[in-house]
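Right, one structure below, let's go through it.
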Amino acid sequence: LTGTGRFDRAGYRLTQRDGRPGLLIDMEEKNYAPPTLQPGLELSGSQAGDVSFTLGARLIVQGWGGYRSELRTDILMGSQYGMYMEYFHPFTAGSRWFLSLSAGGSNSALKIYAQNDPQAEYRVNQSQGGADLGYAFNRFNELRFGYEGGYYSNKPRLGAPLLPAISEDWRGVRVRFRTDWTDSPVIPRRGVRVDMNFHWYKEAPGSVGNFPS
């Protein structure tokens with residue numbers, strides 16, 4: 001309840017009401033949040049002579065549109081540029097059913113090597129959007145049914161054209177189940193997390209028909 005959510009402090013004390021003893025819970029909200037801004041940094045050194053650097057941030061707005069609603073915005077700048085937004089909204093304050101709307105896009109590098117020798121570099125552009133109808137069994141498990149679509153393209157920037165140039169739309173339906181029992185959403189030290197996804201693509205870059213994934 002404290003530290004990771006809306007509240008900065010939680011306390012309790014004994015009390016009486018109508019001559020009966022009870023426990024009074026005191027909650028103190030953070031005076032600096034919400035909204036909250038979480039910075040991030042990604043360094044990739046998979047190739048010793050080519051280290052990539054990306055600076056990111058996540059803006060979280062809680063309570064926008066109703067109790068338990070949340071809007072998340074991720075921003076990336078550096079070797080990869082992008083923005084991704086997701087809006088989570090339960091049907092009622094205590095409902096387990098919820099609606100999730102998402103949209104975003106990115107521009108990143110795709111580098112091709114032959115062992116340690118660089119051969120080509122592509123820029124990959126992606127944009128996507130989707131909507132999910134979900135059910136939260138509890139705070140650890142959720143099931144989603146949704147539809148998603150977007151656009152994908154790649155363009156050679158340096159080197160020989162080793163991959164076919166693609167510029168096509170994609171769309172399909174999806175089913176997602178998640179269970180998360182870890183002790184931290186950022187760097188967990190213990191617990192179990194399982195993420196299962198099933199997609200049925202009606203259209204995809206390079207494909208000639210429907211196919212599952």
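Starting from 1 in every chain, residues are counted up; chains themselves are A, B, ... following the order of the structure tokens, and ligands are numbered from 1 as listed.
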Which residues are close to A:Leu163, i.e. within 10 Å by only C-alpha atoms, leaving aside same-chain residues fewer than 2 positions away? Reply as a PDB file with C-alpha atoms, in the first residue's frame.
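out_15.pdb was written with the following content:
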ATOM      1  CA  ILE A 112      23.091  -7.233 -39.313  1.00  0.00           C
ATOM      2  CA  ALA A 120      24.080  -3.600 -43.024  1.00  0.00           C
ATOM      3  CA  TYR A 122      18.157  -0.775 -41.309  1.00  0.00           C
ATOM      4  CA  ASN A 154      12.047  -1.107 -42.844  1.00  0.00           C
ATOM      5  CA  LYS A 155      14.495   0.886 -44.942  1.00  0.00           C
ATOM      6  CA  PRO A 156      18.219   0.216 -45.571  1.00  0.00           C
ATOM      7  CA  ALA A 160      24.099  -3.982 -48.810  1.00  0.00           C
ATOM      8  CA  PRO A 161      20.308  -4.583 -48.992  1.00  0.00           C
ATOM      9  CA  ALA A 165      12.120  -3.888 -48.082  1.00  0.00           C
ATOM     10  CA  ILE A 166       8.726  -4.132 -46.364  1.00  0.00           C
TER      11      ILE A 166
END
Residues near A:Asp132, cut-off 7 Å, only C-alpha atoms, skip fewer than 4 positions along chain, as a PDB file with all heavy atoms, in the first residue's frame:
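Result went into selection29.pdb, see below:
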ATOM      1  N   LEU A  99     -11.507  -2.277 -19.354  1.00  0.00           N
ATOM      2  CA  LEU A  99     -11.218  -1.959 -20.748  1.00  0.00           C
ATOM      3  C   LEU A  99      -9.836  -1.338 -20.819  1.00  0.00           C
ATOM      4  O   LEU A  99      -9.481  -0.499 -19.992  1.00  0.00           O
ATOM      5  CB  LEU A  99     -12.263  -0.995 -21.296  1.00  0.00           C
ATOM      6  CG  LEU A  99     -12.074  -0.519 -22.738  1.00  0.00           C
ATOM      7  CD1 LEU A  99     -12.272  -1.678 -23.707  1.00  0.00           C
ATOM      8  CD2 LEU A  99     -13.036   0.623 -23.059  1.00  0.00           C
ATOM      9  N   SER A 100      -9.058  -1.761 -21.813  1.00  0.00           N
ATOM     10  CA  SER A 100      -7.715  -1.226 -21.994  1.00  0.00           C
ATOM     11  C   SER A 100      -7.554  -0.770 -23.436  1.00  0.00           C
ATOM     12  O   SER A 100      -7.808  -1.537 -24.371  1.00  0.00           O
ATOM     13  CB  SER A 100      -6.663  -2.289 -21.657  1.00  0.00           C
ATOM     14  OG  SER A 100      -5.358  -1.816 -21.981  1.00  0.00           O
ATOM     15  N   LEU A 101      -7.143   0.486 -23.628  1.00  0.00           N
ATOM     16  CA  LEU A 101      -6.883   1.062 -24.946  1.00  0.00           C
ATOM     17  C   LEU A 101      -5.405   1.417 -25.038  1.00  0.00           C
ATOM     18  O   LEU A 101      -4.840   1.980 -24.095  1.00  0.00           O
ATOM     19  CB  LEU A 101      -7.731   2.313 -25.171  1.00  0.00           C
ATOM     20  CG  LEU A 101      -9.241   2.153 -25.007  1.00  0.00           C
ATOM     21  CD1 LEU A 101      -9.923   3.511 -25.148  1.00  0.00           C
ATOM     22  CD2 LEU A 101      -9.800   1.164 -26.009  1.00  0.00           C
ATOM     23  N   ARG A 144      -7.170 -11.303 -20.991  1.00  0.00           N
ATOM     24  CA  ARG A 144      -7.589 -10.260 -21.917  1.00  0.00           C
ATOM     25  C   ARG A 144      -7.951 -10.850 -23.279  1.00  0.00           C
ATOM     26  O   ARG A 144      -7.300 -11.782 -23.754  1.00  0.00           O
ATOM     27  CB  ARG A 144      -6.477  -9.226 -22.131  1.00  0.00           C
ATOM     28  CG  ARG A 144      -6.063  -8.457 -20.888  1.00  0.00           C
ATOM     29  CD  ARG A 144      -5.099  -7.362 -21.258  1.00  0.00           C
ATOM     30  NE  ARG A 144      -4.682  -6.564 -20.116  1.00  0.00           N
ATOM     31  CZ  ARG A 144      -4.223  -5.317 -20.205  1.00  0.00           C
ATOM     32  NH1 ARG A 144      -4.115  -4.736 -21.397  1.00  0.00           N
ATOM     33  NH2 ARG A 144      -3.861  -4.656 -19.130  1.00  0.00           N
ATOM     34  N   PHE A 145      -8.998 -10.268 -23.908  1.00  0.00           N
ATOM     35  CA  PHE A 145      -9.371 -10.556 -25.286  1.00  0.00           C
ATOM     36  C   PHE A 145      -9.351  -9.228 -26.034  1.00  0.00           C
ATOM     37  O   PHE A 145      -9.980  -8.260 -25.585  1.00  0.00           O
ATOM     38  CB  PHE A 145     -10.767 -11.179 -25.363  1.00  0.00           C
ATOM     39  CG  PHE A 145     -10.924 -12.441 -24.549  1.00  0.00           C
ATOM     40  CD1 PHE A 145     -11.317 -12.375 -23.226  1.00  0.00           C
ATOM     41  CD2 PHE A 145     -10.671 -13.675 -25.111  1.00  0.00           C
ATOM     42  CE1 PHE A 145     -11.470 -13.523 -22.469  1.00  0.00           C
ATOM     43  CE2 PHE A 145     -10.821 -14.833 -24.365  1.00  0.00           C
ATOM     44  CZ  PHE A 145     -11.214 -14.760 -23.048  1.00  0.00           C
ATOM     45  N   GLY A 146      -8.653  -9.194 -27.176  1.00  0.00           N
ATOM     46  CA  GLY A 146      -8.533  -7.907 -27.829  1.00  0.00           C
ATOM     47  C   GLY A 146      -8.281  -7.979 -29.313  1.00  0.00           C
ATOM     48  O   GLY A 146      -8.170  -9.057 -29.919  1.00  0.00           O
ATOM     49  N   TYR A 147      -8.206  -6.790 -29.900  1.00  0.00           N
ATOM     50  CA  TYR A 147      -7.937  -6.613 -31.324  1.00  0.00           C
ATOM     51  C   TYR A 147      -6.808  -5.592 -31.449  1.00  0.00           C
ATOM     52  O   TYR A 147      -6.780  -4.594 -30.709  1.00  0.00           O
ATOM     53  CB  TYR A 147      -9.184  -6.118 -32.045  1.00  0.00           C
ATOM     54  CG  TYR A 147      -8.983  -5.914 -33.535  1.00  0.00           C
ATOM     55  CD1 TYR A 147      -9.157  -6.964 -34.423  1.00  0.00           C
ATOM     56  CD2 TYR A 147      -8.629  -4.668 -34.036  1.00  0.00           C
ATOM     57  CE1 TYR A 147      -8.984  -6.783 -35.790  1.00  0.00           C
ATOM     58  CE2 TYR A 147      -8.452  -4.474 -35.400  1.00  0.00           C
ATOM     59  CZ  TYR A 147      -8.629  -5.533 -36.268  1.00  0.00           C
ATOM     60  OH  TYR A 147      -8.443  -5.352 -37.615  1.00  0.00           O
TER      61      TYR A 147
END
Problem set entry | DSSP-assigned strand (DSSP E or B) among chain A, expressed as an MDAnalysis selection string | chainID A and resid 2 7:17 20:29 36:47 50:62 70:78 81:90 97:114 117:136 141:159 167:180 193:203 211:212
For this session: Tell me, as a ChimeraX atom specification, which residues lie within 8 Å of stretch 5-17 of chain A, counting only C-alpha atoms; anything in the same chain fewer than 4 positions away does not count.
Result: /A:1,21-30,33-34
Go ahead and write the selection's residues with N, CA, C and O atoms as a PDB file, in the first residue's frame.
ATOM      1  N   LEU A   1       0.821  -1.208   0.000  1.00  0.00           N
ATOM      2  CA  LEU A   1       0.000   0.000   0.000  1.00  0.00           C
ATOM      3  C   LEU A   1       0.853   1.255   0.000  1.00  0.00           C
ATOM      4  O   LEU A   1       0.440   2.285  -0.519  1.00  0.00           O
ATOM      5  N   PRO A  21     -14.938  -1.649  20.774  1.00  0.00           N
ATOM      6  CA  PRO A  21     -13.559  -1.410  20.351  1.00  0.00           C
ATOM      7  C   PRO A  21     -13.377  -1.774  18.876  1.00  0.00           C
ATOM      8  O   PRO A  21     -14.083  -2.622  18.325  1.00  0.00           O
ATOM      9  N   GLY A  22     -12.428  -1.118  18.240  1.00  0.00           N
ATOM     10  CA  GLY A  22     -12.137  -1.389  16.838  1.00  0.00           C
ATOM     11  C   GLY A  22     -10.748  -0.908  16.466  1.00  0.00           C
ATOM     12  O   GLY A  22      -9.995  -0.395  17.300  1.00  0.00           O
ATOM     13  N   LEU A  23     -10.420  -1.083  15.213  1.00  0.00           N
ATOM     14  CA  LEU A  23      -9.117  -0.699  14.682  1.00  0.00           C
ATOM     15  C   LEU A  23      -9.325   0.368  13.616  1.00  0.00           C
ATOM     16  O   LEU A  23     -10.059   0.149  12.647  1.00  0.00           O
ATOM     17  N   LEU A  24      -8.708   1.520  13.785  1.00  0.00           N
ATOM     18  CA  LEU A  24      -8.830   2.631  12.849  1.00  0.00           C
ATOM     19  C   LEU A  24      -7.572   2.685  11.981  1.00  0.00           C
ATOM     20  O   LEU A  24      -6.455   2.802  12.492  1.00  0.00           O
ATOM     21  N   ILE A  25      -7.775   2.582  10.665  1.00  0.00           N
ATOM     22  CA  ILE A  25      -6.663   2.615   9.719  1.00  0.00           C
ATOM     23  C   ILE A  25      -6.513   4.036   9.189  1.00  0.00           C
ATOM     24  O   ILE A  25      -7.479   4.628   8.693  1.00  0.00           O
ATOM     25  N   ASP A  26      -5.307   4.586   9.284  1.00  0.00           N
ATOM     26  CA  ASP A  26      -5.007   5.929   8.785  1.00  0.00           C
ATOM     27  C   ASP A  26      -4.135   5.807   7.536  1.00  0.00           C
ATOM     28  O   ASP A  26      -3.091   5.134   7.552  1.00  0.00           O
ATOM     29  N   MET A  27      -4.553   6.447   6.435  1.00  0.00           N
ATOM     30  CA  MET A  27      -3.787   6.452   5.192  1.00  0.00           C
ATOM     31  C   MET A  27      -3.443   7.888   4.827  1.00  0.00           C
ATOM     32  O   MET A  27      -4.300   8.777   4.892  1.00  0.00           O
ATOM     33  N   GLU A  28      -2.207   8.126   4.465  1.00  0.00           N
ATOM     34  CA  GLU A  28      -1.762   9.465   4.070  1.00  0.00           C
ATOM     35  C   GLU A  28      -1.259   9.408   2.638  1.00  0.00           C
ATOM     36  O   GLU A  28      -0.327   8.659   2.315  1.00  0.00           O
ATOM     37  N   GLU A  29      -1.893  10.189   1.754  1.00  0.00           N
ATOM     38  CA  GLU A  29      -1.496  10.194   0.355  1.00  0.00           C
ATOM     39  C   GLU A  29      -0.197  10.965   0.156  1.00  0.00           C
ATOM     40  O   GLU A  29       0.159  11.846   0.941  1.00  0.00           O
ATOM     41  N   LYS A  30       0.521  10.628  -0.924  1.00  0.00           N
ATOM     42  CA  LYS A  30       1.751  11.334  -1.265  1.00  0.00           C
ATOM     43  C   LYS A  30       1.422  12.772  -1.673  1.00  0.00           C
ATOM     44  O   LYS A  30       0.449  13.016  -2.388  1.00  0.00           O
ATOM     45  N   ALA A  33       2.605  13.103  -5.643  1.00  0.00           N
ATOM     46  CA  ALA A  33       2.092  12.187  -6.656  1.00  0.00           C
ATOM     47  C   ALA A  33       0.675  11.768  -6.284  1.00  0.00           C
ATOM     48  O   ALA A  33       0.301  11.823  -5.102  1.00  0.00           O
ATOM     49  N   PRO A  34      -0.140  11.284  -7.238  1.00  0.00           N
ATOM     50  CA  PRO A  34       0.136  11.260  -8.677  1.00  0.00           C
ATOM     51  C   PRO A  34      -0.070  12.619  -9.331  1.00  0.00           C
ATOM     52  O   PRO A  34      -0.675  13.479  -8.706  1.00  0.00           O
TER      53      PRO A  34
END
Exercise. Could you name the residues that touch A:Arg171 at 10 Å or less, counting only C-alpha atoms, but leaving out those on the same chain fewer than 2 positions away, as a ChimeraX atom specification?
Worked result: /A:128-130,147-151,169,173-174,199-205
Problem set entry | Spatial neighbours of A:Arg176, 6 Å, only C-alpha atoms, chain gap at least 2 places, as a list in words |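 Near A:Arg176, the qualifying residues are Leu143, Arg144, Met196 and Asn197 of chain A.
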Could you dump the residues just selected with all heavy atoms as a PDB file, in the first residue's frame?
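Okay, out36.pdb is ready:
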ATOM      1  N   LEU A 143      -6.942 -11.914 -17.532  1.00  0.00           N
ATOM      2  CA  LEU A 143      -7.175 -12.493 -18.852  1.00  0.00           C
ATOM      3  C   LEU A 143      -7.733 -11.404 -19.750  1.00  0.00           C
ATOM      4  O   LEU A 143      -8.648 -10.679 -19.362  1.00  0.00           O
ATOM      5  CB  LEU A 143      -8.149 -13.668 -18.762  1.00  0.00           C
ATOM      6  CG  LEU A 143      -8.516 -14.375 -20.068  1.00  0.00           C
ATOM      7  CD1 LEU A 143      -7.297 -15.065 -20.674  1.00  0.00           C
ATOM      8  CD2 LEU A 143      -9.637 -15.381 -19.824  1.00  0.00           C
ATOM      9  N   ARG A 144      -7.170 -11.303 -20.991  1.00  0.00           N
ATOM     10  CA  ARG A 144      -7.589 -10.260 -21.917  1.00  0.00           C
ATOM     11  C   ARG A 144      -7.951 -10.850 -23.279  1.00  0.00           C
ATOM     12  O   ARG A 144      -7.300 -11.782 -23.754  1.00  0.00           O
ATOM     13  CB  ARG A 144      -6.477  -9.226 -22.131  1.00  0.00           C
ATOM     14  CG  ARG A 144      -6.063  -8.457 -20.888  1.00  0.00           C
ATOM     15  CD  ARG A 144      -5.099  -7.362 -21.258  1.00  0.00           C
ATOM     16  NE  ARG A 144      -4.682  -6.564 -20.116  1.00  0.00           N
ATOM     17  CZ  ARG A 144      -4.223  -5.317 -20.205  1.00  0.00           C
ATOM     18  NH1 ARG A 144      -4.115  -4.736 -21.397  1.00  0.00           N
ATOM     19  NH2 ARG A 144      -3.861  -4.656 -19.130  1.00  0.00           N
ATOM     20  N   MET A 196       1.362 -15.501 -21.246  1.00  0.00           N
ATOM     21  CA  MET A 196       1.013 -16.344 -22.388  1.00  0.00           C
ATOM     22  C   MET A 196       0.172 -15.534 -23.373  1.00  0.00           C
ATOM     23  O   MET A 196      -0.789 -14.870 -22.975  1.00  0.00           O
ATOM     24  CB  MET A 196       0.244 -17.579 -21.922  1.00  0.00           C
ATOM     25  CG  MET A 196       1.086 -18.526 -21.075  1.00  0.00           C
ATOM     26  SD  MET A 196       0.181 -20.010 -20.550  1.00  0.00           S
ATOM     27  CE  MET A 196      -0.941 -19.295 -19.361  1.00  0.00           C
ATOM     28  N   ASN A 197       0.552 -15.599 -24.660  1.00  0.00           N
ATOM     29  CA  ASN A 197      -0.108 -14.820 -25.696  1.00  0.00           C
ATOM     30  C   ASN A 197      -0.466 -15.710 -26.874  1.00  0.00           C
ATOM     31  O   ASN A 197       0.368 -16.514 -27.329  1.00  0.00           O
ATOM     32  CB  ASN A 197       0.806 -13.691 -26.196  1.00  0.00           C
ATOM     33  CG  ASN A 197       1.144 -12.692 -25.114  1.00  0.00           C
ATOM     34  OD1 ASN A 197       0.428 -11.738 -24.903  1.00  0.00           O
ATOM     35  ND2 ASN A 197       2.261 -12.928 -24.430  1.00  0.00           N
TER      36      ASN A 197
END
Problem set entry | Nearest-residue call for A:Pro90, choices A:Trp64, A:Ser102, A:Phe140, A:Gly78, using only C-alpha atoms |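 Answer, going by the shortest atom-to-atom distance: A:Trp64.
Here the question is which of A:Phe53, A:Phe91, A:Tyr135, A:Tyr81 gets nearest to A:Gly66 using only C-alpha atoms, and that residue is A:Phe91.
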